[in-house]
file upload.tsv (TSV, C-alpha atoms and all ligand atoms)
chain	number	residue	atom	x	y	z
A	1	MET	CA	-108.86	-9.97	9.24
A	2	ASN	CA	-111.12	-12.25	7.28
A	3	MET	CA	-112.92	-10.68	4.44
A	4	SER	CA	-116.46	-11.76	3.95
A	5	ALA	CA	-117.55	-13.28	0.65
A	6	ARG	CA	-119.37	-10.05	-0.08
A	7	GLN	CA	-116.21	-8.13	-0.62
A	8	THR	CA	-115.55	-6.99	-4.15
A	9	PRO	CA	-111.79	-6.84	-4.56
A	10	TYR	CA	-111.06	-3.31	-5.62
A	11	LEU	CA	-107.48	-2.51	-4.94
A	12	ALA	CA	-104.89	-4.39	-3.07
A	13	MET	CA	-101.71	-2.46	-2.87
A	14	ASN	CA	-100.73	-3.96	0.34
A	15	ASN	CA	-97.60	-2.94	2.10
A	16	SER	CA	-98.99	-3.40	5.54
A	17	THR	CA	-97.11	-3.30	8.75
A	18	PRO	CA	-96.87	-6.44	10.89
A	19	GLY	CA	-100.02	-6.93	12.88
A	20	SER	CA	-102.06	-4.80	10.54
A	21	LEU	CA	-105.47	-5.87	9.41
A	22	ALA	CA	-104.59	-6.37	5.81
A	23	SER	CA	-104.83	-9.75	4.18
A	24	ASP	CA	-102.87	-10.78	1.10
A	25	ASN	CA	-105.41	-12.65	-0.89
A	26	TRP	CA	-107.12	-9.81	-2.64
A	27	ALA	CA	-107.21	-9.68	-6.40
A	28	MET	CA	-105.38	-6.72	-7.81
A	29	ASP	CA	-108.00	-5.93	-10.37
A	30	TYR	CA	-107.91	-2.20	-10.08
A	31	GLN	CA	-105.26	-0.30	-11.96
A	32	SER	CA	-104.54	2.45	-9.55
A	33	THR	CA	-103.76	5.94	-10.69
A	34	ARG	CA	-101.82	6.26	-7.45
A	35	GLN	CA	-98.48	5.37	-9.00
A	36	ALA	CA	-96.69	7.37	-6.35
A	37	SER	CA	-97.97	5.03	-3.68
A	38	ALA	CA	-96.98	2.03	-5.75
A	39	SER	CA	-93.40	3.19	-5.90
A	40	ASP	CA	-93.47	3.87	-2.17
A	41	THR	CA	-93.58	0.12	-1.63
A	42	THR	CA	-90.09	-0.22	-3.06
A	43	SER	CA	-88.75	2.45	-0.78
A	44	GLY	CA	-90.20	0.60	2.20
A	45	LYS	CA	-92.63	3.35	3.17
A	46	GLN	CA	-96.03	2.33	4.40
A	47	THR	CA	-98.62	2.83	1.69
A	48	SER	CA	-102.35	2.99	1.94
A	49	ALA	CA	-104.77	0.60	0.32
A	50	ILE	CA	-108.40	0.81	-0.65
A	51	HIS	CA	-110.68	-2.18	-0.30
A	52	PHE	CA	-114.20	-2.00	-1.53
A	53	HIS	CA	-117.15	-3.89	-0.02
A	54	ASP	CA	-120.36	-3.63	-2.00
A	55	LEU	CA	-123.23	-4.71	0.26
A	56	HIS	CA	-125.60	-4.10	-2.66
A	57	PRO	CA	-128.08	-1.85	-0.86
A	58	THR	CA	-131.64	-2.51	-1.99
A	59	PRO	CA	-132.64	0.44	-4.16
A	60	ALA	CA	-135.31	2.47	-2.40
A	61	ASP	CA	-138.76	2.05	-3.89
A	62	MET	CA	-139.09	5.72	-4.77
A	63	ARG	CA	-142.29	5.21	-6.76
A	64	ALA	CA	-144.11	3.54	-3.84
A	65	ASP	CA	-142.72	6.05	-1.32
A	66	VAL	CA	-143.73	9.08	-3.39
A	67	LEU	CA	-147.23	7.79	-4.20
A	68	ASP	CA	-147.77	6.84	-0.59
A	69	GLY	CA	-146.48	10.17	0.77
A	70	LEU	CA	-148.59	12.26	-1.59
A	71	SER	CA	-151.69	10.22	-0.72
A	72	SER	CA	-151.59	11.08	2.98
A	73	ALA	CA	-153.61	13.92	4.52
A	74	GLN	CA	-150.42	15.92	5.18
A	75	LYS	CA	-148.60	15.33	1.91
A	76	ARG	CA	-144.97	14.38	2.43
A	77	LEU	CA	-141.87	13.32	0.52
A	78	SER	CA	-138.88	11.60	2.09
A	79	PRO	CA	-135.72	13.72	2.40
A	80	LYS	CA	-133.69	10.72	1.32
A	81	TYR	CA	-134.68	11.58	-2.27
A	82	PHE	CA	-132.98	14.99	-2.11
A	83	TYR	CA	-129.62	13.53	-2.96
A	84	ASP	CA	-129.46	12.85	-6.68
A	85	ALA	CA	-126.37	14.31	-8.42
A	86	GLN	CA	-127.84	17.82	-8.58
A	87	GLY	CA	-129.22	17.59	-5.04
A	88	SER	CA	-125.81	16.53	-3.72
A	89	ARG	CA	-124.20	19.50	-5.48
A	90	LEU	CA	-126.82	21.84	-4.01
A	91	PHE	CA	-126.27	20.38	-0.54
A	92	ASP	CA	-122.52	21.03	-0.88
A	93	ALA	CA	-123.40	24.63	-1.84
A	94	ILE	CA	-125.68	24.93	1.22
A	95	CYS	CA	-122.76	23.94	3.45
A	96	GLU	CA	-120.84	26.98	2.14
A	97	LEU	CA	-123.64	29.50	2.74
A	98	PRO	CA	-123.09	32.26	5.29
A	99	GLU	CA	-126.46	31.49	6.91
A	100	TYR	CA	-125.84	27.72	7.15
A	101	TYR	CA	-123.64	27.73	10.27
A	102	PRO	CA	-123.58	23.95	11.11
A	103	THR	CA	-120.85	22.84	8.69
A	104	ARG	CA	-118.27	25.51	9.43
A	105	THR	CA	-119.05	25.48	13.14
A	106	GLU	CA	-118.63	21.72	13.41
A	107	ILE	CA	-115.37	21.83	11.44
A	108	ALA	CA	-114.07	24.57	13.75
A	109	ILE	CA	-114.93	22.39	16.78
A	110	LEU	CA	-113.16	19.39	15.22
A	111	ARG	CA	-110.09	21.54	14.48
A	112	GLN	CA	-109.98	23.01	17.95
A	113	HIS	CA	-110.61	19.82	19.91
A	114	GLY	CA	-109.32	17.14	17.55
A	115	ALA	CA	-106.54	16.10	19.90
A	116	ALA	CA	-108.93	15.66	22.84
A	117	MET	CA	-111.35	13.71	20.63
A	118	ALA	CA	-108.53	11.47	19.44
A	119	ALA	CA	-107.51	10.88	23.06
A	120	ARG	CA	-111.06	9.68	23.80
A	121	LEU	CA	-111.37	7.48	20.72
A	122	GLY	CA	-107.80	6.16	20.93
A	123	ARG	CA	-105.36	5.42	18.13
A	124	ASP	CA	-105.39	2.28	16.00
A	125	ALA	CA	-109.14	1.95	16.01
A	126	LEU	CA	-111.36	0.48	13.36
A	127	LEU	CA	-113.06	3.76	12.56
A	128	VAL	CA	-116.43	3.64	10.79
A	129	GLU	CA	-117.87	6.82	9.28
A	130	LEU	CA	-121.62	6.66	8.64
A	131	GLY	CA	-122.76	8.57	5.55
A	132	SER	CA	-119.20	9.56	4.72
A	133	GLY	CA	-120.01	11.50	1.50
A	134	SER	CA	-116.88	13.43	0.56
A	135	SER	CA	-115.11	12.35	3.80
A	136	LEU	CA	-114.23	16.01	4.36
A	137	LYS	CA	-114.74	16.30	8.09
A	138	ILE	CA	-112.83	13.17	9.03
A	139	GLN	CA	-109.75	14.64	7.36
A	140	VAL	CA	-109.51	17.12	10.22
A	141	LEU	CA	-109.10	14.21	12.65
A	142	LEU	CA	-107.15	11.58	10.73
A	143	GLU	CA	-103.63	12.70	11.64
A	144	ALA	CA	-104.56	12.75	15.33
A	145	LEU	CA	-106.60	9.55	15.21
A	146	ARG	CA	-104.30	7.42	13.04
A	147	PRO	CA	-106.92	4.65	12.78
A	148	ALA	CA	-105.81	1.12	11.88
A	149	VAL	CA	-108.67	1.05	9.40
A	150	TYR	CA	-110.91	3.81	8.13
A	151	MET	CA	-114.26	2.44	6.99
A	152	PRO	CA	-116.41	5.01	5.16
A	153	VAL	CA	-120.00	3.86	4.68
A	154	ASP	CA	-122.14	5.48	2.01
A	155	ILE	CA	-124.94	4.51	-0.37
A	156	SER	CA	-123.49	6.40	-3.33
A	157	LYS	CA	-120.94	4.05	-4.86
A	158	ASP	CA	-119.21	6.51	-7.20
A	159	HIS	CA	-118.92	9.19	-4.58
A	160	LEU	CA	-117.59	6.65	-2.08
A	161	LEU	CA	-114.91	5.35	-4.43
A	162	GLN	CA	-113.78	8.82	-5.48
A	163	SER	CA	-113.54	10.00	-1.89
A	164	ALA	CA	-111.72	6.84	-0.79
A	165	GLU	CA	-109.23	7.32	-3.59
A	166	SER	CA	-108.44	10.94	-2.78
A	167	LEU	CA	-108.29	10.22	0.94
A	168	ALA	CA	-105.82	7.38	0.44
A	169	THR	CA	-103.68	9.68	-1.70
A	170	ARG	CA	-103.70	12.39	0.91
A	171	PHE	CA	-103.13	10.07	3.89
A	172	PRO	CA	-100.68	7.40	2.72
A	173	PHE	CA	-100.76	5.61	6.09
A	174	LEU	CA	-104.46	4.87	5.77
A	175	GLN	CA	-106.06	1.47	5.17
A	176	VAL	CA	-109.46	2.28	3.70
A	177	HIS	CA	-112.28	-0.27	3.67
A	178	ALA	CA	-115.08	1.49	1.79
A	179	VAL	CA	-118.54	0.00	2.35
A	180	CYS	CA	-121.37	0.73	-0.07
A	181	THR	CA	-124.64	0.41	1.82
A	182	ASP	CA	-127.55	2.37	3.28
A	183	TYR	CA	-126.45	3.11	6.83
A	184	SER	CA	-130.00	3.94	7.91
A	185	VAL	CA	-131.02	0.28	7.66
A	186	PRO	CA	-129.38	-2.54	9.67
A	187	PHE	CA	-126.10	-3.87	8.27
A	188	GLU	CA	-123.04	-5.70	9.56
A	189	LEU	CA	-119.45	-4.64	9.19
A	190	PRO	CA	-118.03	-6.75	6.35
A	191	VAL	CA	-114.85	-7.57	8.26
A	192	GLU	CA	-114.05	-9.82	11.15
A	193	ASP	CA	-111.72	-7.92	13.36
A	194	HIS	CA	-111.60	-8.47	17.08
A	195	VAL	CA	-108.20	-6.86	17.55
A	196	HIS	CA	-108.83	-3.16	17.21
A	197	PRO	CA	-111.10	-1.03	19.33
A	198	ARG	CA	-114.08	0.22	17.37
A	199	ALA	CA	-115.15	3.80	16.92
A	200	ALA	CA	-117.70	5.55	14.75
A	201	PHE	CA	-118.04	9.08	13.39
A	202	PHE	CA	-121.43	10.53	12.51
A	203	PRO	CA	-121.01	14.25	11.83
A	204	GLY	CA	-123.23	16.94	10.35
A	205	SER	CA	-126.19	16.56	12.71
A	206	SER	CA	-127.69	14.02	10.32
A	207	ILE	CA	-129.03	12.44	13.51
A	208	GLY	CA	-131.47	15.39	13.48
A	209	ASN	CA	-133.03	14.16	10.24
A	210	PHE	CA	-134.38	11.08	12.07
A	211	GLU	CA	-137.56	11.20	14.10
A	212	PRO	CA	-136.40	10.96	17.75
A	213	ALA	CA	-137.68	7.37	18.15
A	214	ASP	CA	-135.86	6.38	14.95
A	215	ALA	CA	-132.76	8.27	16.12
A	216	GLN	CA	-132.79	6.19	19.30
A	217	ARG	CA	-133.13	2.92	17.35
A	218	PHE	CA	-130.38	4.03	14.96
A	219	LEU	CA	-128.01	4.85	17.83
A	220	THR	CA	-128.69	1.45	19.38
A	221	ARG	CA	-127.75	-0.24	16.11
A	222	VAL	CA	-124.54	1.81	15.90
A	223	GLY	CA	-123.74	0.77	19.46
A	224	GLU	CA	-124.30	-2.89	18.58
A	225	LEU	CA	-121.90	-2.53	15.65
A	226	LEU	CA	-119.30	-1.03	17.97
A	227	GLY	CA	-119.63	-3.46	20.86
A	228	PRO	CA	-118.91	-2.81	24.55
A	229	GLY	CA	-116.57	0.12	25.08
A	230	GLY	CA	-116.92	1.28	21.46
A	231	ARG	CA	-117.08	5.04	21.07
A	232	LEU	CA	-119.22	7.23	18.85
A	233	LEU	CA	-118.33	10.80	17.92
A	234	VAL	CA	-121.55	12.48	16.80
A	235	GLY	CA	-122.32	16.03	15.69
A	236	VAL	CA	-125.57	17.52	16.97
A	237	ASP	CA	-127.09	20.89	16.07
A	238	LEU	CA	-128.36	22.82	19.07
A	239	ILE	CA	-131.60	24.67	19.81
A	240	LYS	CA	-131.02	28.38	19.41
A	241	ASP	CA	-132.61	31.67	18.48
A	242	HIS	CA	-135.34	30.85	15.96
A	243	ARG	CA	-134.17	33.61	13.64
A	244	VAL	CA	-130.74	32.01	13.32
A	245	LEU	CA	-132.30	28.60	12.70
A	246	GLU	CA	-134.83	29.84	10.17
A	247	ALA	CA	-132.24	31.89	8.25
A	248	ALA	CA	-130.10	28.76	7.88
A	249	TYR	CA	-132.93	27.03	6.01
A	250	ASN	CA	-134.23	30.10	4.11
A	251	ASP	CA	-130.99	31.53	2.73
A	252	ALA	CA	-130.99	34.77	0.76
A	253	ASP	CA	-129.50	33.17	-2.37
A	254	GLU	CA	-132.30	30.58	-2.35
A	255	VAL	CA	-129.93	27.63	-2.62
A	256	THR	CA	-132.02	25.75	-0.05
A	257	ALA	CA	-135.11	26.58	-2.09
A	258	ALA	CA	-133.43	25.10	-5.19
A	259	PHE	CA	-132.44	22.03	-3.12
A	260	ASN	CA	-136.02	21.54	-1.96
A	261	LEU	CA	-137.58	22.13	-5.41
A	262	ASN	CA	-135.05	19.77	-7.01
A	263	LEU	CA	-137.05	16.99	-5.37
A	264	LEU	CA	-139.90	17.73	-7.79
A	265	THR	CA	-137.47	17.90	-10.73
A	266	ARG	CA	-136.19	14.47	-9.74
A	267	ILE	CA	-139.72	13.06	-9.48
A	268	ASN	CA	-140.58	14.55	-12.90
A	269	ARG	CA	-137.53	12.85	-14.41
A	270	GLU	CA	-137.59	9.50	-12.64
A	271	LEU	CA	-141.32	8.93	-12.17
A	272	ASP	CA	-142.63	10.39	-15.40
A	273	ALA	CA	-144.35	13.22	-13.50
A	274	ASP	CA	-145.40	16.70	-14.63
A	275	PHE	CA	-144.96	18.96	-11.60
A	276	ASP	CA	-144.89	22.61	-12.67
A	277	LEU	CA	-142.09	23.98	-10.51
A	278	THR	CA	-143.36	27.53	-10.84
A	279	GLY	CA	-146.46	26.44	-8.89
A	280	PHE	CA	-144.50	25.61	-5.71
A	281	ARG	CA	-142.41	27.67	-3.33
A	282	HIS	CA	-139.98	26.62	-0.62
A	283	THR	CA	-140.37	27.55	3.01
A	284	ALA	CA	-138.90	26.40	6.31
A	285	TRP	CA	-139.79	27.25	9.88
A	286	PHE	CA	-138.90	26.23	13.40
A	287	ASN	CA	-141.60	24.19	15.09
A	288	SER	CA	-140.76	24.98	18.72
A	289	ASP	CA	-143.25	22.45	20.16
A	290	LEU	CA	-141.39	19.64	18.41
A	291	SER	CA	-137.98	21.34	18.41
A	292	ARG	CA	-137.47	20.90	14.71
A	293	ILE	CA	-136.99	22.82	11.51
A	294	GLU	CA	-139.60	21.74	9.00
A	295	MET	CA	-139.08	22.21	5.28
A	296	HIS	CA	-142.12	22.39	3.02
A	297	LEU	CA	-143.02	23.00	-0.60
A	298	ILE	CA	-146.15	25.15	-0.76
A	299	SER	CA	-148.51	24.99	-3.71
A	300	THR	CA	-149.00	28.61	-4.82
A	301	ARG	CA	-152.28	27.83	-6.60
A	302	GLU	CA	-154.84	25.12	-6.99
A	303	GLN	CA	-153.32	22.60	-9.37
A	304	GLN	CA	-152.90	18.97	-10.34
A	305	ALA	CA	-149.84	16.86	-11.02
A	306	ARG	CA	-149.66	13.46	-12.70
A	307	ILE	CA	-147.10	11.11	-11.17
A	308	ALA	CA	-146.45	7.60	-12.44
A	309	GLY	CA	-149.90	7.55	-14.02
A	310	ARG	CA	-151.77	8.87	-10.96
A	311	ASP	CA	-153.31	12.32	-10.52
A	312	PHE	CA	-152.83	14.38	-7.36
A	313	ALA	CA	-154.65	17.60	-6.53
A	314	PHE	CA	-153.05	20.45	-4.58
A	315	ARG	CA	-155.03	23.26	-2.99
A	316	GLU	CA	-153.67	26.79	-2.99
A	317	GLY	CA	-151.44	27.06	0.11
A	318	GLU	CA	-151.32	23.29	0.64
A	319	SER	CA	-147.90	22.00	1.71
A	320	ILE	CA	-145.79	18.98	0.95
A	321	HIS	CA	-143.62	18.32	4.03
A	322	THR	CA	-140.14	17.37	2.78
A	323	GLU	CA	-137.78	17.37	5.78
A	324	CYS	CA	-137.48	17.56	9.56
A	325	SER	CA	-134.25	18.66	11.16
A	326	TYR	CA	-134.50	18.14	14.92
A	327	LYS	CA	-132.50	20.39	17.21
A	328	TYR	CA	-131.46	19.29	20.71
A	329	ASP	CA	-130.09	20.83	23.84
A	330	ILE	CA	-127.17	19.04	25.43
A	331	ASP	CA	-129.23	17.38	28.17
A	332	GLY	CA	-131.93	16.35	25.70
A	333	PHE	CA	-129.39	14.69	23.45
A	334	HIS	CA	-127.75	12.96	26.41
A	335	ARG	CA	-131.15	11.57	27.43
A	336	LEU	CA	-131.64	10.20	23.92
A	337	ALA	CA	-128.13	8.70	23.92
A	338	ARG	CA	-128.71	7.02	27.30
A	339	GLN	CA	-132.07	5.62	26.20
A	340	ALA	CA	-130.24	4.13	23.21
A	341	GLY	CA	-127.64	2.44	25.45
A	342	PHE	CA	-124.76	4.91	25.27
A	343	GLU	CA	-123.12	6.81	28.11
A	344	PRO	CA	-122.13	10.39	27.24
A	345	GLU	CA	-118.43	10.90	28.01
A	346	GLN	CA	-117.63	14.37	26.80
A	347	VAL	CA	-119.12	17.17	24.74
A	348	TRP	CA	-117.38	19.94	22.82
A	349	THR	CA	-119.12	23.09	21.62
A	350	ASP	CA	-118.14	26.26	19.79
A	351	GLN	CA	-118.80	28.38	22.89
A	352	PRO	CA	-118.34	27.52	26.55
A	353	ILE	CA	-121.47	26.01	28.04
A	354	ASP	CA	-122.82	27.47	31.25
A	355	THR	CA	-122.86	24.42	33.52
A	356	GLY	CA	-123.80	26.41	36.58
A	357	SER	CA	-120.99	24.62	38.43
A	358	ASN	CA	-119.19	27.84	39.28
A	359	PRO	CA	-121.39	29.73	41.73
A	360	ARG	CA	-119.55	32.97	40.96
A	361	SER	CA	-120.39	32.79	37.26
A	362	ASN	CA	-124.14	32.61	37.32
A	363	THR	CA	-124.46	34.62	34.14
A	364	ALA	CA	-125.20	32.88	30.85
A	365	PRO	CA	-122.41	33.07	28.26
A	366	ASP	CA	-122.74	36.04	25.85
A	367	GLN	CA	-123.07	33.77	22.86
A	368	PRO	CA	-124.84	30.46	23.41
A	369	PRO	CA	-123.21	27.61	21.49
A	370	LEU	CA	-124.49	26.78	18.02
A	371	PHE	CA	-123.32	23.21	17.64
A	372	SER	CA	-122.05	20.28	19.68
A	373	VAL	CA	-119.88	17.21	19.12
A	374	HIS	CA	-120.38	14.36	21.60
A	375	CYS	CA	-118.24	11.40	22.51
A	376	LEU	CA	-120.51	8.54	23.62
A	377	VAL	CA	-119.42	5.15	24.88
A	378	TRP	CA	-121.49	2.01	24.25
A	379	ARG	CA	-122.74	0.31	27.40
A	380	GLY	CA	-125.32	-1.87	25.69
B	401	LIG	C1	-128.10	16.64	6.11
B	401	LIG	N1	-128.80	17.41	7.14
B	401	LIG	C2	-128.12	17.35	8.41
B	401	LIG	C3	-129.14	18.79	6.72
B	401	LIG	C4	-129.89	19.52	7.86
B	401	LIG	O1	-129.48	20.62	8.21
B	401	LIG	O2	-130.85	18.97	8.39
B	401	LIG	C5	-129.98	18.80	5.47
B	401	LIG	C6	-130.39	20.18	5.04
B	401	LIG	N2	-131.59	20.51	4.66
B	401	LIG	C7	-131.60	21.80	4.34
B	401	LIG	N3	-130.42	22.31	4.56
B	401	LIG	C8	-129.63	21.30	5.00
call {"tool": "encode", "arguments": {"input": "upload.tsv", "output": "structure tokens"}}
result
Amino acid sequence: MNMSARQTPYLAMNNSTPGSLASDNWAMDYQSTRQASASDTTSGKQTSAIHFHDLHPTPADMRADVLDGLSSAQKRLSPKYFYDAQGSRLFDAICELPEYYPTRTEIAILRQHGAAMAARLGRDALLVELGSGSSLKIQVLLEALRPAVYMPVDISKDHLLQSAESLATRFPFLQVHAVCTDYSVPFELPVEDHVHPRAAFFPGSSIGNFEPADAQRFLTRVGELLGPGGRLLVGVDLIKDHRVLEAAYNDADEVTAAFNLNLLTRINRELDADFDLTGFRHTAWFNSDLSRIEMHLISTREQQARIAGRDFAFREGESIHTECSYKYDIDGFHRLARQAGFEPEQVWTDQPIDTGSNPRSNTAPDQPPLFSVHCLVWRG
């Protein structure tokens, strides 16, 4: 595999097997703490390696985005600004909440059907994970998948490196090519590899945080990265009882409220703003016409805030729209996938789906499924 000029050599502890993707010309400029792996090379065991590709994502223009969003008739802030260090910690805490079912439900599906998913994706793939974060979910699948290369893609460099390091320690067979970039804007894989089949993993129903038209464009770009026959494993949250949905985004411990309000704390810190956090409250509801959870910050009184030298007025009850989380049914997501150029191959859910194919079972299942994981194949 040729490495592009953009690669920053990070670690080359290369004891690759014949025919592997690894190349030998990487500077060993990273003193690994993984001494155990280093000694593995002398015993002839295969050891993992981490290679780091910094695509130098353009920093988002938070100032312009925030000023623009707060100037529109429906005030809005982009959810991409949730994830500073505190926001990322709060999001991890959300994933552990009893009301927030998506994380544990998706992990249970991956555990239960990992072997079937691996059979679809095939072994020895170049496996790209988009928005890999802590790379927690992929760990459920790695033993079954045994990818030739695991390529986590994330915008947060420190988080990416830490996760790559601990993953390589836990899975010594793994070749990790960590890519620091913003996966929501077009990018190319920083490797030239035409040997291994390509697969991608996009868990967590992050697809739901895109507007549907953007979700379609995003899927098309993922398909183009994968090439013909490439497969995408994608987690998608399902439409369900509104009370279940709304509880997931209005938890009793108010962790989601803290996550939402942290956006204002971040703006105060980074844009020299003076939001009074006691003057805003979090709320989230299911908009059934648009099939999406909407998160808002509601101004509890008439007030002003100064942001980057500009004044903004808020009426009592006025909202700042901070996030959309679209929910799909299986057919609706399949339509979206097809419009993007994928063919749905298989779907796994936490409860059996009533397909109506058995005329003797015309009753709906007791518990409708909460979450789905789809295998899609790129047709172009
Ligand atoms: C990251 N994303 C899939 C989460 C969601 O459910 O839409 C973000 C989130 N917002 C509030 N809780 C979780």
call {"tool": "residues_near_ligand", "arguments": {"input": "upload.tsv", "ligand": "ligand LIG 401 (chain B)", "cutoff": "9 Å", "atoms": "all atoms listed in the file", "output": "compact mmCIF listing (two decimals) with C-alpha atoms, in the frame of the given file"}}
result
# COMPACT_ATOMS: atom_id res chain seq x y z
CA PRO A 79 -135.72 13.72 2.40
CA PHE A 82 -132.98 14.99 -2.11
CA PHE A 91 -126.27 20.38 -0.54
CA ILE A 94 -125.68 24.93 1.22
CA CYS A 95 -122.76 23.94 3.45
CA TYR A 100 -125.84 27.72 7.15
CA PRO A 102 -123.58 23.95 11.11
CA THR A 103 -120.85 22.84 8.69
CA PRO A 203 -121.01 14.25 11.83
CA GLY A 204 -123.23 16.94 10.35
CA SER A 205 -126.19 16.56 12.71
CA SER A 206 -127.69 14.02 10.32
CA ILE A 207 -129.03 12.44 13.51
CA GLY A 208 -131.47 15.39 13.48
CA ASN A 209 -133.03 14.16 10.24
CA VAL A 236 -125.57 17.52 16.97
CA ASP A 237 -127.09 20.89 16.07
CA ALA A 248 -130.10 28.76 7.88
CA TYR A 249 -132.93 27.03 6.01
CA ASN A 250 -134.23 30.10 4.11
CA VAL A 255 -129.93 27.63 -2.62
CA THR A 256 -132.02 25.75 -0.05
CA ALA A 257 -135.11 26.58 -2.09
CA PHE A 259 -132.44 22.03 -3.12
CA ASN A 260 -136.02 21.54 -1.96
CA ALA A 284 -138.90 26.40 6.31
CA ILE A 293 -136.99 22.82 11.51
CA MET A 295 -139.08 22.21 5.28
CA GLU A 323 -137.78 17.37 5.78
CA CYS A 324 -137.48 17.56 9.56
CA SER A 325 -134.25 18.66 11.16
CA TYR A 326 -134.50 18.14 14.92
call {"tool": "atom_distance", "arguments": {"input": "upload.tsv", "atom1": "CA of Glu129 in chain A", "atom2": "CA of Val153 in chain A"}}
result
5.9 Å
call {"tool": "closest_residue", "arguments": {"input": "upload.tsv", "among": "A:Gly317, A:Pro147, A:Pro172, A:Gly223", "to": "His282 in chain A", "atoms": "all atoms listed in the file"}}
result
A:Gly317
call {"tool": "residues_around", "arguments": {"input": "upload.tsv", "residues": "Asp68 in chain A", "least_positions_apart": "4", "cutoff": "12 Å", "atoms": "all atoms listed in the file", "output": "ChimeraX atom specification"}}
result
/A:61-64,72-78,307-308,310,312
call {"tool": "closest_residue", "arguments": {"input": "upload.tsv", "among": "A:Glu343, A:Asp54, A:Asp350, A:Glu211", "to": "Pro152 in chain A", "atoms": "all atoms listed in the file"}}
result
A:Asp54
call {"tool": "atom_distance", "arguments": {"input": "upload.tsv", "atom1": "CA of Glu224 in chain A", "atom2": "CA of Ser156 in chain A"}}
result
23.8 Å
call {"tool": "closest_residue", "arguments": {"input": "upload.tsv", "among": "A:Pro186, A:Gly380, A:Pro368, A:Pro197", "to": "Asp124 in chain A", "atoms": "all atoms listed in the file"}}
result
A:Pro197
call {"tool": "closest_residue", "arguments": {"input": "upload.tsv", "among": "A:Phe52, A:Leu141, A:Val179, A:Leu277", "to": "Ala116 in chain A", "atoms": "all atoms listed in the file"}}
result
A:Leu141
call {"tool": "atom_distance", "arguments": {"input": "upload.tsv", "atom1": "CA of Phe275 in chain A", "atom2": "CA of Ala93 in chain A"}}
result
24.3 Å
call {"tool": "closest_residue", "arguments": {"input": "upload.tsv", "among": "A:Leu70, A:Leu219, A:Ala118, A:Leu238", "to": "Ser319 in chain A", "atoms": "only C-alpha atoms"}}
result
A:Leu70
call {"tool": "closest_residue", "arguments": {"input": "upload.tsv", "among": "A:Leu297, A:Ala252, A:Ala337, A:Leu271", "to": "Leu67 in chain A", "atoms": "all atoms listed in the file"}}
result
A:Leu271
call {"tool": "axis_aligned_box", "arguments": {"input": "upload.tsv", "around": "range 55-71 of chain A", "padding_each_side": "3 Å", "output": "lines of an AutoDock Vina configuration file"}}
result
center_x = -137.5
center_y = 3.8
center_z = -3.0
size_x = 34.5
size_y = 23.0
size_z = 13.5
call {"tool": "decode", "arguments": {"input": "upload.tsv", "residues": "range 246-257 of chain A", "atoms": "N, CA and C atoms", "output": "JSON list (two decimals), in the first residue's frame"}}
result
[["chain", "number", "residue", "atom", "x", "y", "z"],
["A", 246, "GLU", "N", -39.32, 10.60, 23.48],
["A", 246, "GLU", "CA", -39.16, 11.87, 24.20],
["A", 246, "GLU", "C", -38.45, 11.67, 25.53],
["A", 247, "ALA", "N", -38.68, 10.52, 26.18],
["A", 247, "ALA", "CA", -37.97, 10.24, 27.45],
["A", 247, "ALA", "C", -36.46, 10.13, 27.20],
["A", 248, "ALA", "N", -36.09, 9.58, 26.04],
["A", 248, "ALA", "CA", -34.66, 9.38, 25.75],
["A", 248, "ALA", "C", -33.92, 10.71, 25.63],
["A", 249, "TYR", "N", -34.66, 11.77, 25.30],
["A", 249, "TYR", "CA", -34.02, 13.08, 25.11],
["A", 249, "TYR", "C", -34.42, 14.08, 26.21],
["A", 250, "ASN", "N", -35.17, 13.59, 27.22],
["A", 250, "ASN", "CA", -35.53, 14.43, 28.37],
["A", 250, "ASN", "C", -35.34, 13.58, 29.62],
["A", 251, "ASP", "N", -34.13, 13.09, 29.85],
["A", 251, "ASP", "CA", -33.91, 12.13, 30.94],
["A", 251, "ASP", "C", -34.12, 12.78, 32.30],
["A", 252, "ALA", "N", -34.47, 11.92, 33.26],
["A", 252, "ALA", "CA", -34.81, 12.40, 34.60],
["A", 252, "ALA", "C", -33.61, 13.05, 35.29],
["A", 253, "ASP", "N", -32.41, 12.56, 35.02],
["A", 253, "ASP", "CA", -31.22, 13.15, 35.69],
["A", 253, "ASP", "C", -30.75, 14.43, 35.00],
["A", 254, "GLU", "N", -31.40, 14.79, 33.95],
["A", 254, "GLU", "CA", -31.10, 16.05, 33.22],
["A", 254, "GLU", "C", -29.69, 16.10, 32.65],
["A", 255, "VAL", "N", -29.18, 14.93, 32.28],
["A", 255, "VAL", "CA", -27.85, 14.89, 31.63],
["A", 255, "VAL", "C", -27.97, 15.49, 30.23],
["A", 256, "THR", "N", -29.07, 15.17, 29.54],
["A", 256, "THR", "CA", -29.26, 15.73, 28.19],
["A", 256, "THR", "C", -29.44, 17.25, 28.27],
["A", 257, "ALA", "N", -30.09, 17.70, 29.34],
["A", 257, "ALA", "CA", -30.24, 19.15, 29.53],
["A", 257, "ALA", "C", -28.86, 19.79, 29.70]]
